[in-house]
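Participant: Here it is, the structure in full.
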Amino acid sequence: MITSIQYFLILLFSFTILSAQTVVPDEWKTLCEKTSYKETSSYAGSMEYFKKLADNSPYAKFVKFGNSPQGRDLMLLIVSKEGAFDPVSAKETRKPIILIENGIHAGEIEGKDASMIMLREMLITKEKEYLLDNVILLVIPIFSVDSHERTSPYNRINQNGPTNMGWRTTSTNYNLNRDFVKADAPEMRAWLKMYNEWIPDFFIDCHTTDGLDLQYTVTYTVEKFRNIPPATSKWVTEEYEPFMKRKVEEQGYLMAPYIWFKNYNMTDGLLDYVTPPMLSTGYVGLQSRPGLLIETHSLKPYKERVHATQAILESSLELFNKQYEELVSLNNSADMWNIENYLEKKKFFPVLFDYSPEIDSFLFKGIKWNETESWITGTPVKEYNGEPFEITIPHIHQSVVTDSVKVPFAYLIPQEWKKVVEVLDLHGIEHEVLKTNEILDVARKKFANVKFDAMPYDGRFKPAFEIINYQENVEVPEGTIIVKTNQRRLPLIMYLLEPISDDSFVKWGFFNTIFVRTEYFELYSMLPVANEMVKVNPELKTEFLKWLKEHPEVESNPRDRMRWFYEKSPYYDETHNVYPVLRVEEKF
Ligand SMILES: [Zn+2]
């Protein structure tokens with residue numbers, strides 16, 4: 001039985017909810033809203049909407065930052081209450097610059113639809129305008145613009161809408177989220193130039209995950225290991241992550257760390273790991289800036305994914321507005337920390353990581369399945385039945401450093417390796433040119449047991465090798481490029497130029513021509529040389545016979561036997577397998 005007072009209170013409550021909801025004029029509804037979240041707007045329709053936002057607000061400017069291979073414009077919406085629409089004036093406001101990136105994988109596009117609604121609520125209907133008080137906001141509506149137009153309902157087999165979803169890779173089949181270091185795609189080259197001008201204080205990359213069915217609407221990763229400065233890691237894990245997660249879950253969207261099981265097996269444990277810099281959040285980590293990867297769950301309805309993404313963006317902005325001074329000063333200190341820690345205190349720089357043996361537990365919220373036999377697979381196949389379950393599994397979320405290197409005073413790059421220097425420029429790495437020839441003690445590297453995979457990885461043939469270190473006193477010619485490590489991009493320099501790092505230029509195949517032998521020998525011409533070598537140094541014979549015993553596979557191959565001498569003769573190419581980049585340990 002409801003009393004009249006209770007009835008009145010219910011009425012009042014309903015009225016309050018209704019009046020709090022802003023009515024969206026028809027002309028400002030997105031295609032996604034108009035179609036009940038079945039469709040997403042085309043490239044042209046999306047650009048038109050973002051342009052309209054900028055045309056109708058003094059706080060926003062829509063600018064071009066590059067071109068795609070098919071000739072589409074790469075666009076960026078800059079939002080600032082002060083009208084600080086360029087990197088210099090934005091920095092002068094001393095407010096954090098926040099970059100939201102949508103559609104790096106164009107089939108995973110809820111970030112764009114969430115951004116359109118959020119920006120409308122900030123700039124047009126204004127109920128979220130307060131989220132702009134203490135930040136400068138940069139939004140890329142769609143990054144992989146060409147593949148956004150390669151639409152089909154058949155692009156992602158286990159994704160629940162929109163019906164016209166885009167494709168994962170670019171029009172030349174690059175996966176932009178593997179291209180942050182090597183920068184092969186024109187889109188990435190434009191992005192790096194834009195990023196390195198703005199150097200945003202926080203970066204959010206919006207995706208949709210696939211894989212198993214689970215209860216979570218969203219999974220996510222924030223960089224927090226030793227690939228970023230410790231104070232940044234502390235702020236991210238103690239301030240940002242708990243605040244954002246709590247706010248999003250309060251809105252009804254269950255969140256979990258990115259789901260990646262050890263050995264692809266749930267009960268072996270959930271893994272959290274240092275993101276490599278070929279991926280977006282790993283890259284900004286090496287720029288000593290915090291970043292968030294959002295992966296909404298592909299099996300959830302598109303509407304739920306759009307609004308969960310919006311909840312994350314807004315919760316993040318809420319914290320950035322509160323802690324804007326902390327975030328800016330954290331990033332300034334991070335740059336100084338790198339130089340103090342690695343150059344002044346001479347600490348070794350970590351380049352390789354592994355999982356720590358330390359293990360916690362994690363309550364995983366999954367969806368049950370039945371197994372059906374199939375004559376096609378010949379094995380049982382999972383069929384999710386929608387029934388939720390919980391299980392406590394190991395959580396392996398600490399990392400250990402497995403290799404680190406001393407940071408030199410500078411790296412020297414011979415001027416002929418221009419293509420490498422061009423990519424350093426894209427990354428904003430500063431360098432100088434040697435004015436006169438200099439005799440210098442340098443640390444060098446040579447590669448042995450070089451092997452290549454049979455197939456390219458994102459367009460590149462990646463070598464694997466062992467490294468031989470040696471010292472040399474050499475004359476370095478004028479014109480050589482000097483990359484001093486005393487700069488804010490020190491971590492990036494180390495990752496790119498130290499061959500041991502998994503994202504080094506050498507491992508990405510920038511130096512593959514050094515592995516090619518171009519001069520050869522004939523047995524008749526080499527035999528007198530080998531005989532003369534043994535005459536001068538009789539120990540060579542003993543060494544050779546020992547080597548021959550250890551390598552029975554060359555016993556009956558005269559060329560391989562002779563190659564042993566050839567490689568030790570003055571006729572051998574002394575640059576073969578030698579890393580052209582030199583390390584100078586001390587100031588010169
Ligand atoms: Zn993705």
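The way I read the labels, and the way they are meant: chains A, B, ... in the order of the structure tokens, residue 1 as the first residue of every chain, and ligand 1 as the first ligand shown, with later ones counted on from there.
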Find the residues near ligand 1. Use a cut-off of 10 Å, count only C-alpha atoms and all ligand atoms, and write them as a list in words.
Facilitator: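 After applying the 10 Å limit, what remains is Asn102, Gly103, Ile104, His105, Ala106, Gly107, Glu108, Ile109, Arg168, Thr169, Asn175, Leu176, Asn177, Asp205, Cys206, His207, Thr208, Thr209, Asp210, Leu293, Ile294, Glu295 and Thr296 of chain A.
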Participant: Name all residues at most 10 Å from A:Leu540 (count only C-alpha atoms; drop same-chain ones fewer than 5 positions away) and give them as a PDB file with C-alpha atoms, in the first residue's frame.
Facilitator:
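New file around10.pdb:
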```pdb
ATOM      1  CA  ALA A 530      95.051 -19.811 -46.792  1.00  0.00           C
ATOM      2  CA  MET A 533      98.087 -17.542 -43.560  1.00  0.00           C
ATOM      3  CA  VAL A 534      99.110 -20.900 -42.011  1.00  0.00           C
ATOM      4  CA  LYS A 535     102.743 -20.314 -42.926  1.00  0.00           C
ATOM      5  CA  LEU A 545      91.252 -28.833 -37.191  1.00  0.00           C
ATOM      6  CA  LYS A 546      89.633 -28.378 -33.789  1.00  0.00           C
ATOM      7  CA  PHE A 565      90.037 -19.080 -43.621  1.00  0.00           C
ATOM      8  CA  LYS A 568      89.888 -14.512 -41.187  1.00  0.00           C
TER       9      LYS A 568
END
```
Participant: Compare A:Val578, A:Ser147, A:Thr402, A:Ala54 by their minimum atom-to-atom distance to A:Thr513, counting only C-alpha atoms, and give me the closest one.
Facilitator: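 So, comparing all the options, the nearest one is A:Val578.
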Participant: Identify which of the residues A:Arg563, A:His148, A:Lys61, A:Arg156 lies closest to A:Ser41, counting only C-alpha atoms when measuring atom-to-atom distances.
Facilitator: A:His148
Participant: Please identify all polymer residues within 9 Å of A:Ser115, counting only C-alpha atoms, omitting same-chain residues fewer than 3 positions from it, and present them as a list in words.
Facilitator: Ile100, Asn102, Glu110, Gly111, Lys112, Met118, Leu119, Arg120, Val139, Pro141, Val306, Thr309, Gln310 and Leu313 of chain A
Participant: Could you pull out the alpha helix (DSSP H) residues of stretch 42-214 of chain A from DSSP and send them as JSON, numbers by chain?
Facilitator: {"A": [43, 44, 45, 46, 47, 48, 49, 50, 51, 52, 53, 54, 55, 87, 88, 89, 90, 91, 92, 110, 111, 112, 113, 114, 115, 116, 117, 118, 119, 120, 121, 122, 123, 145, 146, 147, 148, 186, 187, 188, 189, 190, 191, 192, 193, 194, 195, 196, 197, 198]}
Participant: With only C-alpha atoms as the atoms that count, which of A:Leu74, A:Cys32, A:Leu352, A:Val584 lies nearest to A:Ala443?
Facilitator: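 The closest residue to A:Ala443 is A:Val584.
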Participant: Which value, in Å to one decimal, gives the distance between atom CA of A:Thr151 and atom CA of A:Leu77?
Facilitator: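 Atom-to-atom, atom CA of A:Thr151 to atom CA of A:Leu77, that is 23.8 Å.
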Participant: Considering only C-alpha atoms, return as a PyMOL selection string whatever protein or nucleic-acid residues lie within 12 Å of stretch 504-507 of chain A, sequence-local ones (same chain, fewer than 2 positions apart) excluded.
Facilitator: chain A and resi 180-183+276-278+351-352+417+419-421+423-424+445-447+450-453+457+460-467+491-502+509-515+577-581
Participant: Of the residues A:Glu550, A:Asp201, A:Glu238, A:Glu432, which is the one nearest to A:Ile482, using only C-alpha atoms?
Facilitator: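 Going through A:Glu550, A:Asp201, A:Glu238, A:Glu432 one by one, the smallest distance to A:Ile482 is for A:Glu432.
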Participant: Taking only stretch 14-108 of chain A into account, list the residues labelled strand (DSSP E or B) by DSSP (computed from the backbone), as an NGL selection string.
Facilitator: :A and (60-67 or 73-79 or 97-102)
Participant: Contacts of A:Tyr258 at 8 Å or less, counting only C-alpha atoms, minus same-chain residues fewer than 3 places along, as number ranges by chain?
Facilitator: A: 219-221, 272, 295
Participant: Which one of A:Asn531, A:Gln471, A:Thr485, A:Asn164 sits closest to A:Ile429 if you count only C-alpha atoms?
Facilitator: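 So, comparing all the options, the nearest one is A:Thr485.
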